[in-house]
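Participant: target_11.pdb is reproduced below (PDB, C-alpha atoms).
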MODEL        1
ATOM      1  CA  MET W  95     -74.458   8.242 101.551
ATOM      2  CA  LEU W  96     -71.353   9.850 102.995
ATOM      3  CA  LYS W  97     -68.244  10.195 100.841
ATOM      4  CA  ASN W  98     -65.059   8.326 101.596
ATOM      5  CA  HIS W  99     -62.459  11.014 100.935
ATOM      6  CA  TYR W 100     -61.905  14.516  99.614
ATOM      7  CA  TYR W 101     -58.239  14.253  98.581
ATOM      8  CA  GLU W 102     -57.873  11.455  96.055
ATOM      9  CA  GLY W 103     -55.046   9.056  96.838
ATOM     10  CA  LEU W 104     -53.860  10.726 100.077
ATOM     11  CA  THR W 105     -54.020   9.450 103.646
ATOM     12  CA  GLU W 106     -56.640  11.832 104.950
ATOM     13  CA  ALA W 107     -57.598  12.723 108.528
ATOM     14  CA  GLY W 108     -61.085  14.026 109.274
ATOM     15  CA  CYS W 109     -61.479  16.439 112.218
ATOM     16  CA  ASP W 110     -64.385  17.754 114.254
ATOM     17  CA  GLU W 111     -64.935  19.315 117.672
ATOM     18  CA  ALA W 112     -67.520  19.154 120.445
ATOM     19  CA  GLY W 113     -68.413  21.611 123.186
ATOM     20  CA  ARG W 114     -67.727  24.880 121.431
ATOM     21  CA  GLY W 115     -70.992  26.474 122.572
ATOM     22  CA  CYS W 116     -70.831  25.256 126.179
ATOM     23  CA  LEU W 117     -70.569  27.513 129.215
ATOM     24  CA  ALA W 118     -68.428  25.037 131.129
ATOM     25  CA  GLY W 119     -65.814  22.387 130.537
ATOM     26  CA  SER W 120     -63.071  21.749 128.022
ATOM     27  CA  VAL W 121     -63.560  21.690 124.270
ATOM     28  CA  TYR W 122     -62.801  18.313 122.693
ATOM     29  CA  ALA W 123     -61.778  17.473 119.139
ATOM     30  CA  ALA W 124     -61.050  14.216 117.355
ATOM     31  CA  ALA W 125     -59.031  13.239 114.309
ATOM     32  CA  VAL W 126     -59.754  10.002 112.461
ATOM     33  CA  ILE W 127     -58.060   8.231 109.566
ATOM     34  CA  LEU W 128     -60.256   5.529 108.033
ATOM     35  CA  PRO W 129     -59.175   2.822 105.563
ATOM     36  CA  PRO W 130     -59.215   4.026 101.913
ATOM     37  CA  ASP W 131     -62.338   2.090 100.843
ATOM     38  CA  TYR W 132     -64.119   2.131 104.190
ATOM     39  CA  GLU W 133     -67.880   1.665 104.233
ATOM     40  CA  ASN W 134     -70.309   2.130 107.106
ATOM     41  CA  ASP W 135     -73.878   3.134 106.328
ATOM     42  CA  LEU W 136     -74.567   3.919 110.001
ATOM     43  CA  LEU W 137     -72.034   6.756 110.231
ATOM     44  CA  ASN W 138     -73.524  10.241 110.289
ATOM     45  CA  ASP W 139     -73.212  13.598 112.011
ATOM     46  CA  SER W 140     -73.223  12.801 115.741
ATOM     47  CA  LYS W 141     -76.080  15.257 116.324
ATOM     48  CA  GLN W 142     -78.304  13.103 114.078
ATOM     49  CA  LEU W 143     -77.702   9.956 116.132
ATOM     50  CA  THR W 144     -79.117   8.711 119.413
ATOM     51  CA  GLU W 145     -76.773   8.546 122.381
ATOM     52  CA  ARG W 146     -76.872   4.751 122.299
ATOM     53  CA  ARG W 147     -75.980   4.654 118.603
ATOM     54  CA  ARG W 148     -73.101   7.117 119.113
ATOM     55  CA  TYR W 149     -71.512   4.867 121.722
ATOM     56  CA  GLN W 150     -72.033   1.779 119.561
ATOM     57  CA  LEU W 151     -70.353   3.541 116.657
ATOM     58  CA  ARG W 152     -67.486   4.748 118.842
ATOM     59  CA  GLU W 153     -66.463   1.138 119.432
ATOM     60  CA  ILE W 154     -66.695   0.363 115.706
ATOM     61  CA  ILE W 155     -64.722   3.473 114.717
ATOM     62  CA  GLN W 156     -61.962   2.735 117.207
ATOM     63  CA  ARG W 157     -61.755  -0.842 115.934
ATOM     64  CA  ASP W 158     -61.814  -0.022 112.229
ATOM     65  CA  ALA W 159     -59.840   3.241 111.986
ATOM     66  CA  LEU W 160     -56.238   3.188 110.819
ATOM     67  CA  SER W 161     -55.647   5.779 113.555
ATOM     68  CA  TRP W 162     -57.724   7.996 115.816
ATOM     69  CA  ALA W 163     -57.041  10.465 118.618
ATOM     70  CA  VAL W 164     -58.765  13.034 120.823
ATOM     71  CA  GLY W 165     -57.405  16.491 121.675
ATOM     72  CA  ILE W 166     -58.514  18.653 124.600
ATOM     73  CA  VAL W 167     -58.278  22.379 125.401
ATOM     74  CA  THR W 168     -59.153  23.489 128.944
ATOM     75  CA  PRO W 169     -61.540  26.245 130.066
ATOM     76  CA  GLU W 170     -58.534  28.325 131.189
ATOM     77  CA  GLU W 171     -56.996  28.052 127.734
ATOM     78  CA  ILE W 172     -60.325  28.895 126.104
ATOM     79  CA  ASP W 173     -60.561  32.084 128.172
ATOM     80  CA  HIS W 174     -57.001  32.973 127.208
ATOM     81  CA  ILE W 175     -57.082  32.353 123.433
ATOM     82  CA  ASN W 176     -60.870  32.384 122.662
ATOM     83  CA  ILE W 177     -63.059  29.478 121.621
ATOM     84  CA  LEU W 178     -62.305  29.578 117.887
ATOM     85  CA  ASN W 179     -58.560  29.303 118.466
ATOM     86  CA  ALA W 180     -59.189  26.713 121.187
ATOM     87  CA  SER W 181     -61.287  24.548 118.852
ATOM     88  CA  ILE W 182     -58.555  24.618 116.212
ATOM     89  CA  LEU W 183     -55.882  23.916 118.835
ATOM     90  CA  ALA W 184     -57.854  20.890 120.049
ATOM     91  CA  MET W 185     -57.911  19.565 116.468
ATOM     92  CA  HIS W 186     -54.155  20.145 116.129
ATOM     93  CA  ARG W 187     -53.593  18.289 119.404
ATOM     94  CA  ALA W 188     -55.662  15.369 118.121
ATOM     95  CA  LEU W 189     -53.673  15.326 114.870
ATOM     96  CA  ASP W 190     -50.424  15.393 116.861
ATOM     97  CA  GLN W 191     -51.380  12.106 118.547
ATOM     98  CA  LEU W 192     -52.212  10.078 115.431
ATOM     99  CA  SER W 193     -50.020   7.006 115.075
ATOM    100  CA  VAL W 194     -50.427   7.170 111.288
ATOM    101  CA  ARG W 195     -49.261  10.467 109.832
ATOM    102  CA  PRO W 196     -51.901  12.061 107.597
ATOM    103  CA  GLU W 197     -51.062  13.515 104.190
ATOM    104  CA  ALA W 198     -54.115  15.809 104.171
ATOM    105  CA  VAL W 199     -56.735  17.117 106.593
ATOM    106  CA  ILE W 200     -60.466  17.791 106.176
ATOM    107  CA  VAL W 201     -62.296  19.751 108.860
ATOM    108  CA  ASP W 202     -65.942  20.286 109.719
ATOM    109  CA  GLY W 203     -66.955  23.955 109.558
ATOM    110  CA  ASN W 204     -65.382  26.961 107.874
ATOM    111  CA  ARG W 205     -62.336  27.873 109.995
ATOM    112  CA  PHE W 206     -58.980  26.177 110.469
ATOM    113  CA  LYS W 207     -55.299  27.024 110.614
ATOM    114  CA  PRO W 208     -52.543  25.249 108.694
ATOM    115  CA  TYR W 209     -51.264  22.061 110.266
ATOM    116  CA  GLY W 210     -47.628  21.801 109.292
ATOM    117  CA  ASP W 211     -47.402  21.877 105.526
ATOM    118  CA  LEU W 212     -50.313  19.504 104.892
ATOM    119  CA  PRO W 213     -53.046  20.390 102.397
ATOM    120  CA  TRP W 214     -56.328  21.008 104.180
ATOM    121  CA  THR W 215     -59.863  22.114 103.507
ATOM    122  CA  THR W 216     -62.855  23.119 105.609
ATOM    123  CA  ILE W 217     -66.252  21.668 104.745
ATOM    124  CA  VAL W 218     -69.440  23.233 106.087
ATOM    125  CA  LYS W 219     -71.652  20.460 107.512
ATOM    126  CA  GLY W 220     -68.797  18.112 106.717
ATOM    127  CA  ASP W 221     -69.908  15.710 109.457
ATOM    128  CA  GLY W 222     -72.896  14.896 107.254
ATOM    129  CA  LYS W 223     -70.825  14.577 104.068
ATOM    130  CA  TYR W 224     -67.585  12.701 104.794
ATOM    131  CA  LEU W 225     -67.107   9.480 106.744
ATOM    132  CA  SER W 226     -63.928  10.500 108.561
ATOM    133  CA  ILE W 227     -65.430  13.795 109.772
ATOM    134  CA  ALA W 228     -68.591  11.985 110.900
ATOM    135  CA  ALA W 229     -66.395   9.516 112.792
ATOM    136  CA  ALA W 230     -64.462  12.382 114.381
ATOM    137  CA  SER W 231     -67.707  14.075 115.429
ATOM    138  CA  ILE W 232     -68.831  10.888 117.194
ATOM    139  CA  LEU W 233     -65.549  10.443 119.068
ATOM    140  CA  ALA W 234     -65.358  14.109 120.101
ATOM    141  CA  LYS W 235     -68.979  14.118 121.276
ATOM    142  CA  THR W 236     -68.874  10.854 123.240
ATOM    143  CA  TYR W 237     -65.546  11.529 124.939
ATOM    144  CA  ARG W 238     -66.689  15.010 125.923
ATOM    145  CA  ASP W 239     -69.978  13.597 127.229
ATOM    146  CA  ASP W 240     -68.033  11.118 129.379
ATOM    147  CA  TYR W 241     -65.966  14.000 130.752
ATOM    148  CA  MET W 242     -69.009  16.158 131.572
ATOM    149  CA  ASN W 243     -70.832  13.211 133.163
ATOM    150  CA  ALA W 244     -67.848  12.692 135.451
ATOM    151  CA  LEU W 245     -67.757  16.389 136.380
ATOM    152  CA  ALA W 246     -71.496  16.278 137.107
ATOM    153  CA  GLU W 247     -70.735  14.004 140.064
ATOM    154  CA  ASP W 248     -68.790  16.856 141.701
ATOM    155  CA  TYR W 249     -71.169  19.648 140.664
ATOM    156  CA  PRO W 250     -74.658  18.089 140.557
ATOM    157  CA  GLN W 251     -76.483  21.405 140.951
ATOM    158  CA  TYR W 252     -75.601  22.484 137.384
ATOM    159  CA  ASP W 253     -77.336  19.521 135.700
ATOM    160  CA  TRP W 254     -74.293  18.769 133.544
ATOM    161  CA  ARG W 255     -75.271  15.132 133.136
ATOM    162  CA  SER W 256     -78.270  16.378 131.188
ATOM    163  CA  ASN W 257     -77.041  19.599 129.542
ATOM    164  CA  LYS W 258     -73.324  18.684 129.139
ATOM    165  CA  GLY W 259     -72.431  22.301 129.942
ATOM    166  CA  TYR W 260     -74.618  23.939 127.303
ATOM    167  CA  PRO W 261     -76.578  27.097 128.217
ATOM    168  CA  THR W 262     -79.920  25.627 129.240
ATOM    169  CA  LYS W 263     -82.313  27.530 131.467
ATOM    170  CA  LYS W 264     -81.584  25.172 134.384
ATOM    171  CA  HIS W 265     -77.821  25.619 133.959
ATOM    172  CA  ARG W 266     -78.084  29.411 133.976
ATOM    173  CA  GLU W 267     -80.444  29.365 136.955
ATOM    174  CA  ALA W 268     -77.866  27.308 138.855
ATOM    175  CA  ILE W 269     -75.140  29.825 137.976
ATOM    176  CA  LYS W 270     -77.344  32.599 139.371
ATOM    177  CA  THR W 271     -77.971  30.625 142.556
ATOM    178  CA  TYR W 272     -74.593  29.014 143.242
ATOM    179  CA  GLY W 273     -72.144  31.150 141.261
ATOM    180  CA  VAL W 274     -69.633  29.732 138.819
ATOM    181  CA  THR W 275     -67.151  26.888 139.204
ATOM    182  CA  PRO W 276     -63.483  26.807 138.149
ATOM    183  CA  LEU W 277     -64.739  24.851 135.130
ATOM    184  CA  HIS W 278     -66.906  27.656 133.767
ATOM    185  CA  ARG W 279     -65.591  29.728 130.862
ATOM    186  CA  LYS W 280     -65.229  33.179 132.374
ATOM    187  CA  SER W 281     -64.964  34.882 128.995
ATOM    188  CA  TYR W 282     -68.502  33.739 128.130
ATOM    189  CA  ASN W 283     -71.758  35.552 128.875
ATOM    190  CA  LEU W 284     -72.661  32.970 131.481
ATOM    191  CA  LEU W 285     -76.001  34.396 132.584
ATOM    192  CA  GLY W 286     -77.227  35.397 129.135
ATOM    193  CA  ASP W 287     -77.636  38.998 130.289
ATOM    194  CA  GLY W 288     -74.645  40.567 128.604
ATOM    195  CA  GLN W 289     -72.589  40.539 131.808
ATOM    196  CA  LEU W 290     -69.584  38.379 132.614
ATOM    197  CA  SER W 291     -69.822  36.451 135.881
ATOM    198  CA  LEU W 292     -66.497  36.125 137.685
ATOM    199  CA  GLU W 293     -67.434  34.812 141.121
ATOM    200  CA  PHE W 294     -66.221  31.329 141.919
ATOM    201  CA  GLU W 295     -67.802  28.474 143.773
ATOM    202  CA  GLU W 296     -65.177  26.208 145.281
TER     203      GLU W 296
ENDMDL
END
Take the structure in the file and write it out as structure tokens.
Facilitator:
Amino acid sequence: MLKNHYYEGLTEAGCDEAGRGCLAGSVYAAAVILPPDYENDLLNDSKQLTERRRYQLREIIQRDALSWAVGIVTPEEIDHINILNASILAMHRALDQLSVRPEAVIVDGNRFKPYGDLPWTTIVKGDGKYLSIAAASILAKTYRDDYMNALAEDYPQYDWRSNKGYPTKKHREAIKTYGVTPLHRKSYNLLGDGQLSLEFEE
């Protein structure tokens, strides 16, 4: 069973990101503050849930949370500041939008940068340990999936509806055939061959 909080007695925001390993699209992050004694046995790391269950839980999280928000960093920004800094920036942007101000922050993974003067801690596999991080992982994942599904309408050849921008064989074959879009991350090894691909498909 997932734990309710890390910092005893503080209003705590859980953060997680989605899309860090993708070749295309923005990286998304969410911040969630749940009620102090919140219980939900269905919450878990978004990767352990079916797509249908993730979307069901998104509605529940948004209804039950004291505050929640999603932050976005674009492919251009990712190329400029690198994906680690972009992931942290997306979390900071999510935290900036919370209507309830957190007194502490817990983050999935092992890297973060201070957010104001708040106490914070990183928790490896935190989305499988703490409710608020699990909730954040679900919001980040589902909102990013919505975004990639919408982009797939404009760029159907890259199979984004299926791969969500991750480096599948079909995605890389499409890059070889059609080139890259303005949504691809040019600082990434897009073809998996050690070379950067900088040609654009309009």
Participant: If you apply the PyMOL selection byres ((chain W and resi 154-162) around 10) to this file, what residues do you get, as an NGL selection string?
Facilitator: :W and (105 or 107-109 or 124-130 or 132 or 134 or 137 or 148-153 or 163-164 or 188-189 or 191-196 or 226 or 229-230 or 232-233)
Participant: Quick one: residues within 6 Å of Ala123 (chain W), all atoms listed in the file counted, chain neighbours fewer than 3 positions away excluded, as a PyMOL selection string?
Facilitator: chain W and resi 110-111+164-165+184-185+234
Participant: Pull C-alpha atoms from the residues just selected and write them as a tab-separated table (two decimals), in the frame of the given file.
Facilitator:
chain	number	residue	atom	x	y	z
W	110	ASP	CA	-64.39	17.75	114.25
W	111	GLU	CA	-64.94	19.32	117.67
W	164	VAL	CA	-58.76	13.03	120.82
W	165	GLY	CA	-57.40	16.49	121.68
W	184	ALA	CA	-57.85	20.89	120.05
W	185	MET	CA	-57.91	19.57	116.47
W	234	ALA	CA	-65.36	14.11	120.10
Participant: Rounded to one decimal, what separation in Å do you get between CA of Ile227 (chain W) and CA of Tyr241 (chain W)?
Facilitator: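 Rounded to one decimal, the two atoms are 21.0 Å apart.
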Participant: One decimal, in Å: what's the spacing between CA of Ile269 (chain W) and CA of Ala112 (chain W)?
Facilitator: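 Separation of CA of Ile269 (chain W) and CA of Ala112 (chain W): 21.9 Å.
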Participant: Which polymer residues have any atom within 9 Å of an atom of Tyr101 (chain W), counting all atoms listed in the file, with same-chain residues fewer than 4 positions away left out, as a list in words?
Facilitator: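 Final neighbour list, sorted by chain and number: Thr105, Glu106, Ala198, Val199, Ile200, Pro213 and Trp214 of chain W.
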Participant: May I ask you to restore N, CA and C atoms in region 170-185 of chain W and write the result as an mmCIF file, in the frame of the given file?
Facilitator:
data_model
loop_
_atom_site.group_PDB
_atom_site.id
_atom_site.type_symbol
_atom_site.label_atom_id
_atom_site.label_comp_id
_atom_site.auth_asym_id
_atom_site.auth_seq_id
_atom_site.Cartn_x
_atom_site.Cartn_y
_atom_site.Cartn_z
ATOM 1 N N GLU W 170 -59.499 27.239 130.995
ATOM 2 C CA GLU W 170 -58.534 28.325 131.189
ATOM 3 C C GLU W 170 -57.908 28.739 129.860
ATOM 4 N N GLU W 171 -57.571 27.756 129.050
ATOM 5 C CA GLU W 171 -56.996 28.052 127.734
ATOM 6 C C GLU W 171 -58.018 28.734 126.829
ATOM 7 N N ILE W 172 -59.262 28.273 126.908
ATOM 8 C CA ILE W 172 -60.325 28.895 126.104
ATOM 9 C C ILE W 172 -60.445 30.384 126.448
ATOM 10 N N ASP W 173 -60.451 30.686 127.747
ATOM 11 C CA ASP W 173 -60.561 32.084 128.172
ATOM 12 C C ASP W 173 -59.366 32.914 127.710
ATOM 13 N N HIS W 174 -58.230 32.259 127.579
ATOM 14 C CA HIS W 174 -57.001 32.973 127.208
ATOM 15 C C HIS W 174 -56.909 33.220 125.699
ATOM 16 N N ILE W 175 -57.312 32.241 124.887
ATOM 17 C CA ILE W 175 -57.082 32.353 123.433
ATOM 18 C C ILE W 175 -58.368 32.457 122.616
ATOM 19 N N ASN W 176 -59.515 32.355 123.217
ATOM 20 C CA ASN W 176 -60.870 32.384 122.662
ATOM 21 C C ASN W 176 -61.253 31.023 122.076
ATOM 22 N N ILE W 177 -62.546 30.811 121.940
ATOM 23 C CA ILE W 177 -63.059 29.478 121.621
ATOM 24 C C ILE W 177 -62.722 29.053 120.190
ATOM 25 N N LEU W 178 -62.669 29.975 119.251
ATOM 26 C CA LEU W 178 -62.305 29.578 117.887
ATOM 27 C C LEU W 178 -60.882 29.021 117.859
ATOM 28 N N ASN W 179 -59.941 29.780 118.432
ATOM 29 C CA ASN W 179 -58.560 29.303 118.466
ATOM 30 C C ASN W 179 -58.435 28.019 119.284
ATOM 31 N N ALA W 180 -59.230 27.914 120.349
ATOM 32 C CA ALA W 180 -59.189 26.713 121.187
ATOM 33 C C ALA W 180 -59.696 25.489 120.422
ATOM 34 N N SER W 181 -60.753 25.667 119.635
ATOM 35 C CA SER W 181 -61.287 24.548 118.852
ATOM 36 C C SER W 181 -60.260 24.052 117.839
ATOM 37 N N ILE W 182 -59.580 24.993 117.191
ATOM 38 C CA ILE W 182 -58.555 24.618 116.212
ATOM 39 C C ILE W 182 -57.363 23.965 116.909
ATOM 40 N N LEU W 183 -56.983 24.503 118.080
ATOM 41 C CA LEU W 183 -55.882 23.916 118.835
ATOM 42 C C LEU W 183 -56.214 22.489 119.264
ATOM 43 N N ALA W 184 -57.452 22.245 119.668
ATOM 44 C CA ALA W 184 -57.854 20.890 120.049
ATOM 45 C C ALA W 184 -57.722 19.936 118.863
ATOM 46 N N MET W 185 -58.075 20.398 117.667
ATOM 47 C CA MET W 185 -57.911 19.565 116.468
ATOM 48 C C MET W 185 -56.436 19.299 116.197
#
